[in-house]
Amino acid sequence: MTDNGWMSLILPGVLVAPGLVESSDFRTEVGTEVPLALEIYCRHRARVSNQEGRQAPVRRSADAGTADELILTGVAVPFASTCRLGGWLLEVVGIPVYVTEATAGPGVIAGVNDRDPDSDPEEPLPDRGAWVRVRGSVSVADGYVVDEVERASQRSVQRLWRVQRIERLMPTDYRSGNRRAYPQQVEAVRHTGDSSSYLLDLVAAATASTVMERV
């Protein structure tokens with residue numbers, strides 16, 4: 001999804017986890033610009049052609065069962081040195097997104113946060129410069145993640161984003177062990193004391209080099 005052609009990138013529904021609000025004091029308001037680093041929990045990954053890669057860099061998942069997930073297409077960028085958190089970087093119109101791969105293990109729920117059976121395998125990681133399409137939930141990265149990813153990549157992964165819309169996911173009750181959340185549009189992210197998470201619609205300018213390739 002883009003705004004003004006390829007001049008800006010729109011990311012809807014970017015998650016701000018409760019811990020980021022409660023422990024890391026993350027705050028923002030609609031209309032403000034804030035430096036953020038983003039990460040995606042990849043449940044599906046596929047290699048695409050150069051031509052396919054230069055089409056829509058961001059779109060929502062069409063599958064009703066994965067409505068909260070985004071599909072990002074970009075270029076794979078390996079780390080310059082070993083990242084202690086694992087993963088790799090995907091450049092989406094020049095904006096780096098840290099990718100962690102879904103895998104089997106404790107806390108994995110089939111159909112919710114597991115790896116799709118038709119996905120490329122978790123390993124090996126994509127080759128440098130390969131065009132890749134990934135699907136998963138996008139979230140704001142915590143500070144310790146940003147520090148490690150920047151150390152391993154030897155570059156800044158934060159970009160300036162304008163907050164276009166904020167939705168608060170307020171926990172209401174628990175049924176069968178699953179927490180339910182009530183969505184509510186709000187003007188700011190604040191510490192509420194009830195473990196609310198938030199979804200942000202973000203807008204960022206694409207890099208000049210990327211824009212020039214497409215005009």
# chains A, B, ... in the order shown; residues from 1 in each chain; ligands from 1
call {"tool": "select_by_dssp", "arguments": {"residues": "chain A", "states": "strand (DSSP E)", "output": "MDAnalysis selection string"}}
result
chainID A and resid 2:3 8:16 28:29 33:36 38:47 58:60 70:77 88:92 95:101 131:140 159:175 178:186 188:189 197:205
call {"tool": "residues_around", "arguments": {"residues": "region 163-167 of chain A", "least_positions_apart": "3", "cutoff": "10 Å", "atoms": "only C-alpha atoms", "output": "PDB file with N, CA and C atoms, in the first residue's frame"}}
result
ATOM      1  N   ILE A  10       2.625   2.852   3.404  1.00  0.00           N
ATOM      2  CA  ILE A  10       1.613   2.765   4.451  1.00  0.00           C
ATOM      3  C   ILE A  10       1.607   1.356   5.023  1.00  0.00           C
ATOM      4  N   LEU A  11       1.734   1.265   6.343  1.00  0.00           N
ATOM      5  CA  LEU A  11       1.652  -0.017   7.040  1.00  0.00           C
ATOM      6  C   LEU A  11       0.483   0.045   8.018  1.00  0.00           C
ATOM      7  N   PRO A  12      -0.604  -0.676   7.738  1.00  0.00           N
ATOM      8  CA  PRO A  12      -1.747  -0.672   8.653  1.00  0.00           C
ATOM      9  C   PRO A  12      -1.621  -1.760   9.717  1.00  0.00           C
ATOM     10  N   GLY A  13      -2.174  -1.495  10.885  1.00  0.00           N
ATOM     11  CA  GLY A  13      -2.285  -2.521  11.909  1.00  0.00           C
ATOM     12  C   GLY A  13      -0.978  -3.016  12.481  1.00  0.00           C
ATOM     13  N   VAL A  14      -0.017  -2.116  12.714  1.00  0.00           N
ATOM     14  CA  VAL A  14       1.265  -2.500  13.315  1.00  0.00           C
ATOM     15  C   VAL A  14       1.084  -2.611  14.828  1.00  0.00           C
ATOM     16  N   LEU A  15       1.426  -3.760  15.371  1.00  0.00           N
ATOM     17  CA  LEU A  15       1.159  -4.043  16.782  1.00  0.00           C
ATOM     18  C   LEU A  15       2.157  -3.361  17.715  1.00  0.00           C
ATOM     19  N   THR A  28       2.838   7.562  21.988  1.00  0.00           N
ATOM     20  CA  THR A  28       2.723   8.327  20.747  1.00  0.00           C
ATOM     21  C   THR A  28       1.288   8.798  20.605  1.00  0.00           C
ATOM     22  N   GLU A  29       1.054   9.711  19.666  1.00  0.00           N
ATOM     23  CA  GLU A  29      -0.275  10.250  19.410  1.00  0.00           C
ATOM     24  C   GLU A  29      -0.527  10.299  17.911  1.00  0.00           C
ATOM     25  N   VAL A  30      -1.800  10.333  17.540  1.00  0.00           N
ATOM     26  CA  VAL A  30      -2.172  10.468  16.135  1.00  0.00           C
ATOM     27  C   VAL A  30      -1.627  11.790  15.596  1.00  0.00           C
ATOM     28  N   GLY A  31      -1.013  11.727  14.420  1.00  0.00           N
ATOM     29  CA  GLY A  31      -0.489  12.922  13.780  1.00  0.00           C
ATOM     30  C   GLY A  31       0.962  13.215  14.086  1.00  0.00           C
ATOM     31  N   THR A  32       1.547  12.521  15.057  1.00  0.00           N
ATOM     32  CA  THR A  32       2.945  12.763  15.400  1.00  0.00           C
ATOM     33  C   THR A  32       3.864  11.888  14.554  1.00  0.00           C
ATOM     34  N   GLU A  33       5.132  12.285  14.482  1.00  0.00           N
ATOM     35  CA  GLU A  33       6.154  11.489  13.819  1.00  0.00           C
ATOM     36  C   GLU A  33       7.080  10.917  14.880  1.00  0.00           C
ATOM     37  N   VAL A  34       7.388   9.641  14.756  1.00  0.00           N
ATOM     38  CA  VAL A  34       8.170   8.955  15.775  1.00  0.00           C
ATOM     39  C   VAL A  34       9.143   7.988  15.108  1.00  0.00           C
ATOM     40  N   LEU A 160      11.652   7.232  10.471  1.00  0.00           N
ATOM     41  CA  LEU A 160      10.648   8.149  10.983  1.00  0.00           C
ATOM     42  C   LEU A 160       9.291   7.804  10.367  1.00  0.00           C
ATOM     43  N   MET A 170      -8.387  -3.501  24.035  1.00  0.00           N
ATOM     44  CA  MET A 170      -8.575  -3.568  25.480  1.00  0.00           C
ATOM     45  C   MET A 170      -9.042  -4.961  25.880  1.00  0.00           C
ATOM     46  N   TYR A 182     -11.280  -5.971  23.097  1.00  0.00           N
ATOM     47  CA  TYR A 182     -12.286  -5.082  22.533  1.00  0.00           C
ATOM     48  C   TYR A 182     -11.573  -3.933  21.823  1.00  0.00           C
ATOM     49  N   PRO A 183     -11.734  -3.784  20.492  1.00  0.00           N
ATOM     50  CA  PRO A 183     -11.045  -2.708  19.767  1.00  0.00           C
ATOM     51  C   PRO A 183     -11.736  -1.359  19.966  1.00  0.00           C
ATOM     52  N   GLN A 184     -10.933  -0.332  20.146  1.00  0.00           N
ATOM     53  CA  GLN A 184     -11.462   1.011  20.377  1.00  0.00           C
ATOM     54  C   GLN A 184     -10.512   2.029  19.755  1.00  0.00           C
ATOM     55  N   GLN A 185     -11.015   2.869  18.859  1.00  0.00           N
ATOM     56  CA  GLN A 185     -10.170   3.889  18.248  1.00  0.00           C
ATOM     57  C   GLN A 185      -9.879   4.984  19.267  1.00  0.00           C
ATOM     58  N   VAL A 186      -8.590   5.339  19.389  1.00  0.00           N
ATOM     59  CA  VAL A 186      -8.161   6.334  20.370  1.00  0.00           C
ATOM     60  C   VAL A 186      -7.209   7.313  19.698  1.00  0.00           C
ATOM     61  N   GLU A 187      -6.842   8.358  20.437  1.00  0.00           N
ATOM     62  CA  GLU A 187      -5.966   9.393  19.899  1.00  0.00           C
ATOM     63  C   GLU A 187      -4.515   9.237  20.330  1.00  0.00           C
ATOM     64  N   ALA A 188      -4.258   8.373  21.336  1.00  0.00           N
ATOM     65  CA  ALA A 188      -2.893   8.261  21.845  1.00  0.00           C
ATOM     66  C   ALA A 188      -2.664   6.891  22.464  1.00  0.00           C
ATOM     67  N   VAL A 189      -1.391   6.488  22.506  1.00  0.00           N
ATOM     68  CA  VAL A 189      -0.973   5.291  23.231  1.00  0.00           C
ATOM     69  C   VAL A 189      -0.572   5.725  24.631  1.00  0.00           C
ATOM     70  N   SER A 197      -3.033  -3.717  24.318  1.00  0.00           N
ATOM     71  CA  SER A 197      -2.108  -3.561  23.204  1.00  0.00           C
ATOM     72  C   SER A 197      -2.720  -2.554  22.238  1.00  0.00           C
ATOM     73  N   TYR A 198      -1.942  -2.138  21.244  1.00  0.00           N
ATOM     74  CA  TYR A 198      -2.412  -1.125  20.307  1.00  0.00           C
ATOM     75  C   TYR A 198      -2.041  -1.528  18.882  1.00  0.00           C
ATOM     76  N   LEU A 199      -2.839  -1.057  17.930  1.00  0.00           N
ATOM     77  CA  LEU A 199      -2.527  -1.204  16.514  1.00  0.00           C
ATOM     78  C   LEU A 199      -2.360   0.188  15.922  1.00  0.00           C
ATOM     79  N   LEU A 200      -1.248   0.394  15.217  1.00  0.00           N
ATOM     80  CA  LEU A 200      -0.954   1.685  14.610  1.00  0.00           C
ATOM     81  C   LEU A 200      -1.014   1.579  13.093  1.00  0.00           C
ATOM     82  N   ASP A 201      -1.628   2.562  12.454  1.00  0.00           N
ATOM     83  CA  ASP A 201      -1.489   2.732  11.009  1.00  0.00           C
ATOM     84  C   ASP A 201      -0.378   3.745  10.800  1.00  0.00           C
ATOM     85  N   LEU A 202       0.684   3.331  10.108  1.00  0.00           N
ATOM     86  CA  LEU A 202       1.890   4.142   9.978  1.00  0.00           C
ATOM     87  C   LEU A 202       2.145   4.532   8.531  1.00  0.00           C
ATOM     88  N   VAL A 203       2.729   5.716   8.353  1.00  0.00           N
ATOM     89  CA  VAL A 203       3.117   6.194   7.027  1.00  0.00           C
ATOM     90  C   VAL A 203       4.569   6.648   7.101  1.00  0.00           C
ATOM     91  N   ALA A 204       5.387   6.193   6.150  1.00  0.00           N
ATOM     92  CA  ALA A 204       6.793   6.606   6.096  1.00  0.00           C
ATOM     93  C   ALA A 204       7.170   6.915   4.663  1.00  0.00           C
TER      94      ALA A 204
END
call {"tool": "select_by_dssp", "arguments": {"residues": "region 50-211 of chain A", "states": "alpha helix (DSSP H)", "output": "number ranges by chain"}}
result
A: 50-53, 143-153, 208-211
call {"tool": "write_last_selection", "arguments": {"atoms": "N, CA, C and O atoms", "output": "CSV table (one decimal), in the first residue's frame"}}
result
chain,number,residue,atom,x,y,z
A,50,ASN,N,12.1,-10.9,-9.7
A,50,ASN,CA,12.4,-9.4,-9.7
A,50,ASN,C,11.2,-8.6,-10.1
A,50,ASN,O,10.9,-7.6,-9.5
A,51,GLN,N,10.5,-9.1,-11.1
A,51,GLN,CA,9.3,-8.3,-11.6
A,51,GLN,C,8.2,-8.3,-10.6
A,51,GLN,O,7.6,-7.3,-10.3
A,52,GLU,N,8.0,-9.5,-10.0
A,52,GLU,CA,6.9,-9.6,-8.9
A,52,GLU,C,7.3,-8.7,-7.7
A,52,GLU,O,6.5,-8.1,-7.1
A,53,GLY,N,8.6,-8.7,-7.4
A,53,GLY,CA,9.0,-7.9,-6.2
A,53,GLY,C,8.8,-6.5,-6.4
A,53,GLY,O,8.7,-5.7,-5.4
A,143,GLY,N,13.4,-2.1,22.4
A,143,GLY,CA,14.8,-1.5,22.4
A,143,GLY,C,15.9,-2.5,22.3
A,143,GLY,O,16.9,-2.3,21.6
A,144,TYR,N,15.8,-3.6,23.1
A,144,TYR,CA,16.9,-4.6,23.1
A,144,TYR,C,17.0,-5.2,21.8
A,144,TYR,O,18.1,-5.6,21.3
A,145,VAL,N,15.9,-5.4,21.1
A,145,VAL,CA,15.9,-6.0,19.7
A,145,VAL,C,16.6,-5.0,18.7
A,145,VAL,O,17.4,-5.4,17.9
A,146,VAL,N,16.2,-3.7,18.8
A,146,VAL,CA,16.8,-2.7,18.0
A,146,VAL,C,18.3,-2.7,18.2
A,146,VAL,O,19.1,-2.7,17.2
A,147,ASP,N,18.8,-2.7,19.4
A,147,ASP,CA,20.2,-2.6,19.7
A,147,ASP,C,21.0,-3.8,19.1
A,147,ASP,O,22.0,-3.6,18.5
A,148,GLU,N,20.4,-5.0,19.2
A,148,GLU,CA,21.1,-6.2,18.7
A,148,GLU,C,21.1,-6.2,17.2
A,148,GLU,O,22.1,-6.6,16.5
A,149,VAL,N,20.0,-5.9,16.6
A,149,VAL,CA,19.9,-5.9,15.1
A,149,VAL,C,20.8,-4.9,14.5
A,149,VAL,O,21.4,-5.1,13.5
A,150,GLU,N,20.9,-3.7,15.1
A,150,GLU,CA,21.7,-2.7,14.6
A,150,GLU,C,23.2,-3.0,14.8
A,150,GLU,O,24.0,-2.7,13.9
A,151,ARG,N,23.5,-3.7,15.9
A,151,ARG,CA,24.9,-4.2,16.1
A,151,ARG,C,25.3,-5.2,15.0
A,151,ARG,O,26.3,-5.1,14.4
A,152,ALA,N,24.4,-6.2,14.7
A,152,ALA,CA,24.7,-7.2,13.8
A,152,ALA,C,24.6,-6.7,12.3
A,152,ALA,O,25.4,-7.3,11.5
A,153,SER,N,23.8,-5.8,12.0
A,153,SER,CA,23.7,-5.3,10.7
A,153,SER,C,24.6,-4.1,10.4
A,153,SER,O,24.8,-3.7,9.2
A,208,ALA,N,15.0,7.9,-1.3
A,208,ALA,CA,15.1,8.6,-2.5
A,208,ALA,C,15.5,7.6,-3.6
A,208,ALA,O,15.0,7.7,-4.8
A,209,SER,N,16.5,6.7,-3.4
A,209,SER,CA,17.0,5.8,-4.4
A,209,SER,C,15.8,4.9,-4.9
A,209,SER,O,15.7,4.6,-6.1
A,210,THR,N,15.0,4.5,-3.9
A,210,THR,CA,13.9,3.6,-4.3
A,210,THR,C,12.9,4.3,-5.2
A,210,THR,O,12.4,3.8,-6.1
A,211,VAL,N,12.6,5.5,-4.8
A,211,VAL,CA,11.6,6.3,-5.5
A,211,VAL,C,12.1,6.5,-7.0
A,211,VAL,O,11.4,6.4,-7.9
call {"tool": "residues_around", "arguments": {"residues": "Val99 (chain A)", "least_positions_apart": "4", "cutoff": "7 Å", "atoms": "only C-alpha atoms", "output": "PDB file with N, CA and C atoms, in the first residue's frame"}}
result
ATOM      1  N   GLU A  39       9.466  -5.149  13.186  1.00  0.00           N
ATOM      2  CA  GLU A  39       9.790  -6.559  12.996  1.00  0.00           C
ATOM      3  C   GLU A  39       8.542  -7.302  12.539  1.00  0.00           C
ATOM      4  N   ILE A  40       8.752  -8.411  11.846  1.00  0.00           N
ATOM      5  CA  ILE A  40       7.638  -9.236  11.391  1.00  0.00           C
ATOM      6  C   ILE A  40       7.891 -10.678  11.812  1.00  0.00           C
ATOM      7  N   TYR A  41       6.859 -11.304  12.376  1.00  0.00           N
ATOM      8  CA  TYR A  41       6.914 -12.721  12.730  1.00  0.00           C
ATOM      9  C   TYR A  41       6.419 -13.491  11.510  1.00  0.00           C
ATOM     10  N   CYS A  42       7.347 -14.073  10.776  1.00  0.00           N
ATOM     11  CA  CYS A  42       7.056 -14.642   9.461  1.00  0.00           C
ATOM     12  C   CYS A  42       6.482 -16.051   9.569  1.00  0.00           C
ATOM     13  N   GLY A  87      17.310 -14.587  12.871  1.00  0.00           N
ATOM     14  CA  GLY A  87      16.558 -13.794  11.912  1.00  0.00           C
ATOM     15  C   GLY A  87      17.411 -13.154  10.831  1.00  0.00           C
ATOM     16  N   TRP A  88      16.809 -12.218  10.103  1.00  0.00           N
ATOM     17  CA  TRP A  88      17.460 -11.543   8.987  1.00  0.00           C
ATOM     18  C   TRP A  88      16.696 -10.256   8.698  1.00  0.00           C
ATOM     19  N   LEU A  89      17.183  -9.459   7.750  1.00  0.00           N
ATOM     20  CA  LEU A  89      16.542  -8.193   7.406  1.00  0.00           C
ATOM     21  C   LEU A  89      15.914  -8.266   6.019  1.00  0.00           C
ATOM     22  N   LEU A  90      14.730  -7.667   5.905  1.00  0.00           N
ATOM     23  CA  LEU A  90      14.047  -7.511   4.626  1.00  0.00           C
ATOM     24  C   LEU A  90      13.923  -6.021   4.356  1.00  0.00           C
TER      25      LEU A  90
END
call {"tool": "residues_around", "arguments": {"residues": "Val77 (chain A)", "least_positions_apart": "4", "cutoff": "10 Å", "atoms": "only C-alpha atoms", "output": "ChimeraX atom specification"}}
result
/A:88-91,96-98,125-131,153
call {"tool": "atom_distance", "arguments": {"atom1": "CA of Arg27 (chain A)", "atom2": "CA of Ala141 (chain A)"}}
result
13.6 Å
call {"tool": "atom_distance", "arguments": {"atom1": "CA of Gly74 (chain A)", "atom2": "CA of Ala102 (chain A)"}}
result
18.5 Å
call {"tool": "closest_residue", "arguments": {"among": "A:Arg43, A:Ala80, A:Thr172, A:Ser156", "to": "Asp120 (chain A)", "atoms": "only C-alpha atoms"}}
result
A:Arg43
call {"tool": "residues_around", "arguments": {"residues": "Val134 (chain A)", "least_positions_apart": "3", "cutoff": "6 Å", "atoms": "only C-alpha atoms", "output": "ChimeraX atom specification"}}
result
/A:44-45,71-72
